[in-house]
$ cat work01.txt   # compact mmCIF, C-alpha atoms
# COMPACT_ATOMS: atom_id res chain seq x y z
CA MET A 1 0.00 0.00 0.00
CA ALA A 2 1.39 3.41 -0.94
CA SER A 3 2.03 5.95 1.77
CA ASP A 4 -0.01 9.14 1.93
CA PRO A 5 2.34 12.02 2.82
CA GLN A 6 -0.08 14.40 4.51
CA ALA A 7 2.45 16.57 6.38
CA GLY A 8 3.79 19.02 3.82
CA GLY A 9 4.16 16.31 1.23
CA ARG A 10 1.75 17.30 -1.53
CA THR A 11 1.94 20.57 -3.48
CA LEU A 12 -0.05 21.47 -6.57
CA TYR A 13 1.11 24.16 -8.97
CA ASP A 14 -1.89 25.73 -10.70
CA LEU A 15 -2.72 28.81 -12.73
CA LYS A 16 -3.08 32.19 -11.04
CA SER A 17 -5.87 34.66 -11.73
CA LEU A 18 -6.44 38.14 -10.33
CA ASP A 19 -9.42 37.06 -8.24
CA GLY A 20 -9.11 33.41 -7.28
CA ARG A 21 -10.70 31.84 -10.35
CA GLN A 22 -9.68 28.43 -11.67
CA LEU A 23 -8.52 29.35 -15.16
CA SER A 24 -6.88 26.06 -16.09
CA PRO A 25 -9.12 23.20 -17.21
CA PHE A 26 -6.15 20.91 -16.67
CA GLY A 27 -5.64 22.11 -13.12
CA GLN A 28 -9.34 21.60 -12.40
CA ARG A 29 -9.03 18.00 -13.63
CA VAL A 30 -6.40 17.39 -10.99
CA HIS A 31 -8.47 19.03 -8.25
CA LEU A 32 -11.36 16.73 -9.13
CA ALA A 33 -9.13 13.65 -9.29
CA LEU A 34 -7.56 14.40 -5.90
CA ARG A 35 -10.98 14.96 -4.36
CA HIS A 36 -12.24 11.68 -5.82
CA LYS A 37 -9.23 9.89 -4.35
CA GLY A 38 -9.72 11.60 -1.00
CA LEU A 39 -6.20 13.03 -1.11
CA ALA A 40 -5.46 16.37 0.52
CA VAL A 41 -3.22 19.06 -0.96
CA ASP A 42 -0.97 20.63 1.63
CA ARG A 43 -0.07 23.65 -0.45
CA ILE A 44 -1.26 25.22 -3.70
CA GLU A 45 1.27 27.35 -5.53
CA LEU A 46 -0.33 29.69 -8.05
CA VAL A 47 1.76 30.78 -11.02
CA ARG A 48 1.04 33.04 -13.97
CA PHE A 49 1.17 31.99 -17.62
CA VAL A 50 4.51 33.77 -17.93
CA ASP A 51 6.07 32.25 -14.78
CA LYS A 52 7.90 29.45 -16.58
CA GLU A 53 10.83 29.44 -14.16
CA ALA A 54 8.56 28.58 -11.23
CA ILE A 55 7.86 25.14 -12.71
CA ALA A 56 11.13 24.59 -14.54
CA PHE A 57 12.13 22.06 -11.86
CA ALA A 58 9.38 19.78 -13.27
CA LYS A 59 10.74 20.11 -16.81
CA SER A 60 7.39 21.59 -17.79
CA GLN A 61 6.27 24.78 -19.47
CA SER A 62 2.74 24.70 -18.08
CA VAL A 63 0.63 23.74 -15.08
CA PRO A 64 -0.55 21.59 -13.46
CA VAL A 65 2.47 20.18 -11.67
CA LEU A 66 2.02 17.92 -8.66
CA VAL A 67 4.74 17.35 -6.09
CA ASP A 68 3.70 14.25 -4.18
CA GLY A 69 6.34 13.35 -1.60
CA ASP A 70 9.48 12.69 -3.63
CA LYS A 71 7.55 12.43 -6.91
CA VAL A 72 7.24 15.36 -9.32
CA VAL A 73 4.60 14.85 -11.99
CA ALA A 74 3.64 17.33 -14.71
CA ASP A 75 0.63 17.15 -17.08
CA SER A 76 -2.90 16.32 -15.94
CA TRP A 77 -3.02 12.93 -17.69
CA ARG A 78 0.25 11.81 -16.13
CA ILE A 79 -0.89 13.09 -12.75
CA ALA A 80 -4.11 11.07 -13.02
CA ASN A 81 -2.13 7.93 -13.82
CA HIS A 82 0.25 8.62 -10.94
CA LEU A 83 -2.63 9.00 -8.48
CA GLU A 84 -4.27 5.82 -9.72
CA ASP A 85 -1.08 3.76 -9.51
CA ALA A 86 0.33 5.26 -6.31
CA TYR A 87 -2.92 5.00 -4.35
CA PRO A 88 -4.65 1.79 -5.47
CA ASP A 89 -6.44 1.53 -2.12
CA ARG A 90 -8.34 4.77 -2.81
CA PRO A 91 -11.42 5.09 -5.08
CA SER A 92 -10.41 4.37 -8.66
CA LEU A 93 -10.24 7.05 -11.33
CA PHE A 94 -10.48 4.51 -14.15
CA GLY A 95 -12.14 1.35 -12.83
CA GLY A 96 -9.56 -0.89 -14.46
CA GLU A 97 -7.48 -0.88 -17.60
CA ALA A 98 -10.49 -0.75 -19.95
CA GLY A 99 -11.62 2.40 -18.18
CA ARG A 100 -8.11 3.84 -18.38
CA ALA A 101 -8.10 3.28 -22.14
CA LEU A 102 -11.49 4.96 -22.49
CA ALA A 103 -10.31 7.89 -20.38
CA ARG A 104 -7.31 8.23 -22.70
CA TYR A 105 -9.78 8.68 -25.57
CA PHE A 106 -11.49 11.51 -23.68
CA ASN A 107 -8.11 13.04 -22.88
CA ASN A 108 -7.29 13.07 -26.60
CA TRP A 109 -10.75 14.32 -27.58
CA CYS A 110 -10.60 17.17 -25.09
CA GLY A 111 -7.12 18.12 -26.24
CA LEU A 112 -7.85 18.00 -29.94
CA TRP A 113 -11.41 19.40 -29.99
CA LEU A 114 -13.27 20.31 -26.80
CA THR A 115 -10.67 22.51 -25.10
CA PRO A 116 -9.72 24.49 -28.25
CA GLU A 117 -13.38 24.87 -29.18
CA ILE A 118 -14.29 26.21 -25.75
CA ALA A 119 -11.27 28.50 -25.90
CA SER A 120 -12.68 30.11 -29.03
CA PHE A 121 -15.74 31.21 -27.00
CA ILE A 122 -14.05 32.44 -23.83
CA LEU A 123 -10.46 33.57 -24.45
CA PHE A 124 -11.30 37.24 -24.90
CA ASP A 125 -13.30 37.33 -21.66
CA MET A 126 -10.54 35.49 -19.80
CA LEU A 127 -8.29 38.52 -20.33
CA ASP A 128 -10.31 40.31 -17.64
CA HIS A 129 -9.04 37.88 -14.99
CA ILE A 130 -5.28 37.96 -15.62
CA ASP A 131 -2.62 40.64 -15.37
CA GLU A 132 -1.11 42.67 -18.19
CA GLU A 133 1.86 40.37 -18.80
CA ASP A 134 -0.38 37.31 -19.02
CA ARG A 135 -2.77 39.14 -21.36
CA ALA A 136 0.12 39.85 -23.72
CA TYR A 137 1.17 36.20 -23.45
CA ILE A 138 -2.32 34.97 -24.34
CA ARG A 139 -2.50 37.20 -27.38
CA ARG A 140 1.00 36.26 -28.50
CA THR A 141 0.41 32.52 -28.18
CA ARG A 142 -3.30 32.13 -29.05
CA GLU A 143 -3.97 34.65 -31.80
CA PRO A 144 -1.69 32.90 -34.34
CA ARG A 145 -4.03 29.91 -33.96
CA PHE A 146 -7.43 31.52 -33.42
CA GLY A 147 -7.06 34.94 -34.98
CA PRO A 148 -7.90 38.22 -33.19
CA LEU A 149 -9.71 37.48 -29.94
CA GLU A 150 -12.16 40.32 -30.52
CA LYS A 151 -13.24 38.63 -33.76
CA LEU A 152 -13.95 35.39 -31.87
CA ASN A 153 -16.37 37.29 -29.66
CA GLU A 154 -18.18 38.74 -32.65
CA THR A 155 -18.87 35.29 -34.10
CA ARG A 156 -19.43 33.17 -31.00
CA ALA A 157 -23.21 33.48 -30.77
CA ALA A 158 -23.54 32.27 -34.35
CA ARG A 159 -21.17 29.37 -33.71
CA LEU A 160 -22.83 28.21 -30.49
CA PRO A 161 -25.64 26.01 -31.94
CA ALA A 162 -23.15 23.89 -33.90
CA PHE A 163 -21.00 23.47 -30.80
CA GLN A 164 -23.97 22.41 -28.70
CA LYS A 165 -25.05 19.89 -31.35
CA VAL A 166 -21.69 18.11 -31.22
CA LEU A 167 -22.28 17.57 -27.50
CA ASP A 168 -25.35 15.38 -28.13
CA PRO A 169 -23.49 12.05 -27.55
CA LEU A 170 -22.22 13.35 -24.20
CA ARG A 171 -25.67 14.63 -23.31
CA LEU A 172 -27.33 11.31 -24.12
CA THR A 173 -24.72 9.30 -22.22
CA VAL A 174 -25.12 11.43 -19.10
CA LYS A 175 -28.91 11.07 -19.30
CA GLN A 176 -28.63 7.29 -19.65
CA ASN A 177 -25.81 6.52 -17.21
CA GLY A 178 -25.67 9.44 -14.81
CA ASN A 179 -22.03 10.00 -15.78
CA LEU A 180 -19.74 9.23 -18.71
CA HIS A 181 -17.94 6.66 -16.55
CA GLY A 182 -21.13 5.01 -15.35
CA ALA A 183 -23.06 5.11 -12.09
CA THR A 184 -20.13 6.85 -10.37
CA PRO A 185 -17.93 9.48 -12.04
CA GLY A 186 -14.39 8.76 -13.14
CA MET A 187 -11.52 10.49 -14.88
CA ALA A 188 -13.40 10.71 -18.19
CA ASP A 189 -16.05 12.79 -16.42
CA PHE A 190 -13.50 14.97 -14.69
CA MET A 191 -11.72 15.88 -17.92
CA VAL A 192 -14.88 16.95 -19.72
CA ALA A 193 -16.51 18.63 -16.71
CA ALA A 194 -13.31 20.55 -16.00
CA ALA A 195 -13.51 22.13 -19.45
CA PHE A 196 -17.01 23.45 -18.74
CA HIS A 197 -15.89 24.67 -15.32
CA TRP A 198 -13.08 26.58 -17.02
CA ALA A 199 -15.64 28.23 -19.30
CA GLU A 200 -17.82 29.29 -16.35
CA GLN A 201 -14.83 30.65 -14.44
CA SER A 202 -13.53 32.58 -17.44
CA SER A 203 -16.63 34.05 -19.09
CA ARG A 204 -20.27 34.95 -18.59
CA PHE A 205 -21.05 33.61 -22.06
CA ALA A 206 -23.19 30.53 -21.43
CA LEU A 207 -22.14 27.46 -23.39
CA LEU A 208 -24.83 25.33 -21.71
CA GLN A 209 -28.41 26.24 -20.86
CA THR A 210 -29.57 25.62 -17.31
CA ASP A 211 -32.01 22.92 -18.46
CA ASP A 212 -29.27 21.01 -20.30
CA PRO A 213 -28.40 17.68 -18.59
CA LEU A 214 -24.74 18.55 -19.12
CA TYR A 215 -25.20 21.73 -17.11
CA SER A 216 -26.54 19.97 -14.00
CA TRP A 217 -23.98 17.18 -14.41
CA SER A 218 -21.10 19.66 -14.61
CA ARG A 219 -22.35 21.58 -11.56
CA ARG A 220 -22.69 18.36 -9.60
CA LEU A 221 -19.05 17.50 -10.24
CA ASN A 222 -17.49 20.97 -10.17
CA GLY A 223 -19.64 22.88 -7.71
CA PRO A 224 -20.97 26.41 -8.31
CA SER A 225 -19.38 29.01 -10.53
CA HIS A 226 -17.05 31.67 -9.13
CA ALA A 227 -19.83 34.28 -9.13
CA GLU A 228 -22.02 32.07 -6.92
CA ARG A 229 -19.43 31.46 -4.22

$ encode --input "work01.txt" --output "structure tokens"
Amino acid sequence: MASDPQAGGRTLYDLKSLDGRQLSPFGQRVHLALRHKGLAVDRIELVRFVDKEAIAFAKSQSVPVLVDGDKVVADSWRIANHLEDAYPDRPSLFGGEAGRALARYFNNWCGLWLTPEIASFILFDMLDHIDEEDRAYIRRTREPRFGPLEKLNETRAARLPAFQKVLDPLRLTVKQNGNLHGATPGMADFMVAAAFHWAEQSSRFALLQTDDPLYSWSRRLNGPSHAER
């Protein structure tokens, strides 16, 4: 059985906002995974987008980074696998190797489609919650891919119905099973729900209507939005 270093042994490096918002969908995944495992975090270190030196020790350019005892793990997918393998006596994130393989699919789907698509709706609004250096960083790194952020805002209402339609398989699965993972949530749920939490934290533009099953499912896993706390 793996040890659980509770006394100063677990530190999570996550993204910093101006007002305590969770602006990293990948950091939120880790928060949800740790909570599911019943593992406490002794310290949370918040870093800005531009603070690359703060996490250089992890050989990473981005958060999240988890320091768990003598283990340093970067990247939300690797962190999830570390938590599953290091704490097998705690509630499972995957429910076995078949579930781990399915969660890998959702990790890839979120990375290739869901996260970039959500970004196209919320990036401009997210600028309100970060400092000037991070705003310049976002524009410098995201606009070559997405184009001017102001233009994204002008077109987002027209693009929303197509985005919501693509979510129909998720919506149906949640209605049928309660979660993507089944009767109890797992890492597949946490990855997708974290993306919607990121949207709520970053922007007032509603991607999901309140009567959408995905809305109530996301709130059940993530808790209320920043404005409601």

$ closest_residue --input "work01.txt" --among "A:Phe57, A:Tyr137, A:Trp217, A:Phe106" --to "A:Lys71" --atoms "all atoms listed in the file"
A:Phe57

$ closest_residue --input "work01.txt" --among "A:Arg139, A:Arg219, A:Lys151, A:Arg10" --to "A:Asp42" --atoms "all atoms listed in the file"
A:Arg10

$ closest_residue --input "work01.txt" --among "A:Ala54, A:Ala98, A:Ile122, A:Ala183" --to "A:Ala157" --atoms "all atoms listed in the file"
A:Ile122

$ closest_residue --input "work01.txt" --among "A:Asp212, A:Asp89, A:Asp70, A:Glu117" --to "A:Leu172" --atoms "all atoms listed in the file"
A:Asp212

$ closest_residue --input "work01.txt" --among "A:Gly99, A:Asp85, A:Ile55, A:Ser76" --to "A:Gly182" --atoms "all atoms listed in the file"
A:Gly99

$ closest_residue --input "work01.txt" --among "A:Pro148, A:Gly38, A:Pro64, A:Gly223" --to "A:Arg78" --atoms "all atoms listed in the file"
A:Pro64

$ residues_around --input "work01.txt" --residues "A:Ser17" --least-positions-apart "2" --cutoff "10 Å" --atoms "all atoms listed in the file" --output "number ranges by chain"
A: 14-15, 19-24, 46-49, 126-131, 134, 202

$ atom_distance --input "work01.txt" --atom1 "atom CA of A:Tyr87" --atom2 "atom CA of A:His36"
11.6 Å

$ axis_aligned_box --input "work01.txt" --around "stretch 66-76 of chain A" --padding-each-side "8 Å" --output "JSON"
{"center_x": 3.3, "center_y": 15.2, "center_z": -9.3, "size_x": 28.4, "size_y": 21.5, "size_z": 31.5}

$ atom_distance --input "work01.txt" --atom1 "atom CA of A:Thr155" --atom2 "atom CA of A:Ser120"
9.5 Å

$ build_atoms --input "work01.txt" --residues "stretch 149-160 of chain A" --atoms "all heavy atoms" --output "CSV table (one decimal), in the frame of the given file"
chain,number,residue,atom,x,y,z
A,149,LEU,N,-8.7,37.9,-30.9
A,149,LEU,CA,-9.7,37.5,-29.9
A,149,LEU,C,-11.0,38.3,-30.0
A,149,LEU,O,-12.1,37.7,-29.7
A,149,LEU,CB,-9.1,37.6,-28.5
A,149,LEU,CG,-7.8,36.8,-28.3
A,149,LEU,CD1,-7.4,36.8,-26.8
A,149,LEU,CD2,-7.9,35.4,-28.8
A,150,GLU,N,-10.9,39.5,-30.4
A,150,GLU,CA,-12.2,40.3,-30.5
A,150,GLU,C,-13.1,39.7,-31.6
A,150,GLU,O,-14.3,39.7,-31.5
A,150,GLU,CB,-11.8,41.8,-30.9
A,150,GLU,CG,-11.2,42.5,-29.7
A,150,GLU,CD,-9.7,42.3,-29.6
A,150,GLU,OE1,-9.1,41.5,-30.4
A,150,GLU,OE2,-9.1,43.0,-28.7
A,151,LYS,N,-12.5,39.2,-32.7
A,151,LYS,CA,-13.2,38.6,-33.8
A,151,LYS,C,-14.0,37.4,-33.3
A,151,LYS,O,-15.1,37.1,-33.7
A,151,LYS,CB,-12.3,38.3,-34.9
A,151,LYS,CG,-13.0,37.8,-36.2
A,151,LYS,CD,-13.9,38.9,-36.8
A,151,LYS,CE,-14.5,38.4,-38.1
A,151,LYS,NZ,-15.4,39.4,-38.7
A,152,LEU,N,-13.3,36.6,-32.4
A,152,LEU,CA,-14.0,35.4,-31.9
A,152,LEU,C,-15.2,35.8,-31.1
A,152,LEU,O,-16.2,35.1,-31.2
A,152,LEU,CB,-13.0,34.7,-30.9
A,152,LEU,CG,-11.8,34.0,-31.5
A,152,LEU,CD1,-10.9,33.4,-30.4
A,152,LEU,CD2,-12.2,32.9,-32.5
A,153,ASN,N,-15.2,36.9,-30.4
A,153,ASN,CA,-16.4,37.3,-29.7
A,153,ASN,C,-17.5,37.7,-30.6
A,153,ASN,O,-18.7,37.4,-30.3
A,153,ASN,CB,-16.0,38.5,-28.7
A,153,ASN,CG,-15.7,38.0,-27.3
A,153,ASN,OD1,-15.3,36.9,-27.1
A,153,ASN,ND2,-15.9,38.9,-26.4
A,154,GLU,N,-17.2,38.3,-31.7
A,154,GLU,CA,-18.2,38.7,-32.6
A,154,GLU,C,-18.9,37.6,-33.3
A,154,GLU,O,-20.1,37.7,-33.6
A,154,GLU,CB,-17.5,39.6,-33.7
A,154,GLU,CG,-17.0,40.9,-33.3
A,154,GLU,CD,-16.2,41.6,-34.3
A,154,GLU,OE1,-16.2,41.2,-35.5
A,154,GLU,OE2,-15.6,42.7,-34.0
A,155,THR,N,-18.3,36.4,-33.4
A,155,THR,CA,-18.9,35.3,-34.1
A,155,THR,C,-19.4,34.2,-33.2
A,155,THR,O,-20.0,33.2,-33.6
A,155,THR,CB,-17.8,34.7,-35.1
A,155,THR,OG1,-16.7,34.1,-34.3
A,155,THR,CG2,-17.3,35.7,-36.1
A,156,ARG,N,-19.2,34.3,-31.9
A,156,ARG,CA,-19.4,33.2,-31.0
A,156,ARG,C,-20.9,32.8,-30.9
A,156,ARG,O,-21.3,31.6,-30.8
A,156,ARG,CB,-18.8,33.4,-29.6
A,156,ARG,CG,-19.4,34.5,-28.8
A,156,ARG,CD,-18.6,34.7,-27.5
A,156,ARG,NE,-19.1,35.8,-26.7
A,156,ARG,CZ,-18.6,36.1,-25.5
A,156,ARG,NH1,-17.6,35.4,-25.0
A,156,ARG,NH2,-19.0,37.1,-24.8
A,157,ALA,N,-21.8,33.8,-30.9
A,157,ALA,CA,-23.2,33.5,-30.8
A,157,ALA,C,-23.7,32.7,-32.0
A,157,ALA,O,-24.5,31.7,-31.8
A,157,ALA,CB,-24.0,34.8,-30.6
A,158,ALA,N,-23.2,33.0,-33.1
A,158,ALA,CA,-23.5,32.3,-34.4
A,158,ALA,C,-23.0,30.9,-34.4
A,158,ALA,O,-23.5,29.9,-35.0
A,158,ALA,CB,-23.1,33.1,-35.6
A,159,ARG,N,-21.8,30.7,-33.7
A,159,ARG,CA,-21.2,29.4,-33.7
A,159,ARG,C,-21.7,28.4,-32.6
A,159,ARG,O,-21.5,27.2,-32.7
A,159,ARG,CB,-19.7,29.6,-33.5
A,159,ARG,CG,-18.9,30.2,-34.6
A,159,ARG,CD,-17.4,30.3,-34.5
A,159,ARG,NE,-17.0,31.3,-33.5
A,159,ARG,CZ,-16.5,31.0,-32.3
A,159,ARG,NH1,-16.3,29.8,-31.9
A,159,ARG,NH2,-16.1,32.0,-31.5
A,160,LEU,N,-22.4,29.0,-31.6
A,160,LEU,CA,-22.8,28.2,-30.5
A,160,LEU,C,-23.7,27.0,-30.8
A,160,LEU,O,-23.5,25.9,-30.3
A,160,LEU,CB,-23.5,29.1,-29.5
A,160,LEU,CG,-23.9,28.5,-28.1
A,160,LEU,CD1,-22.7,27.9,-27.4
A,160,LEU,CD2,-24.6,29.5,-27.2
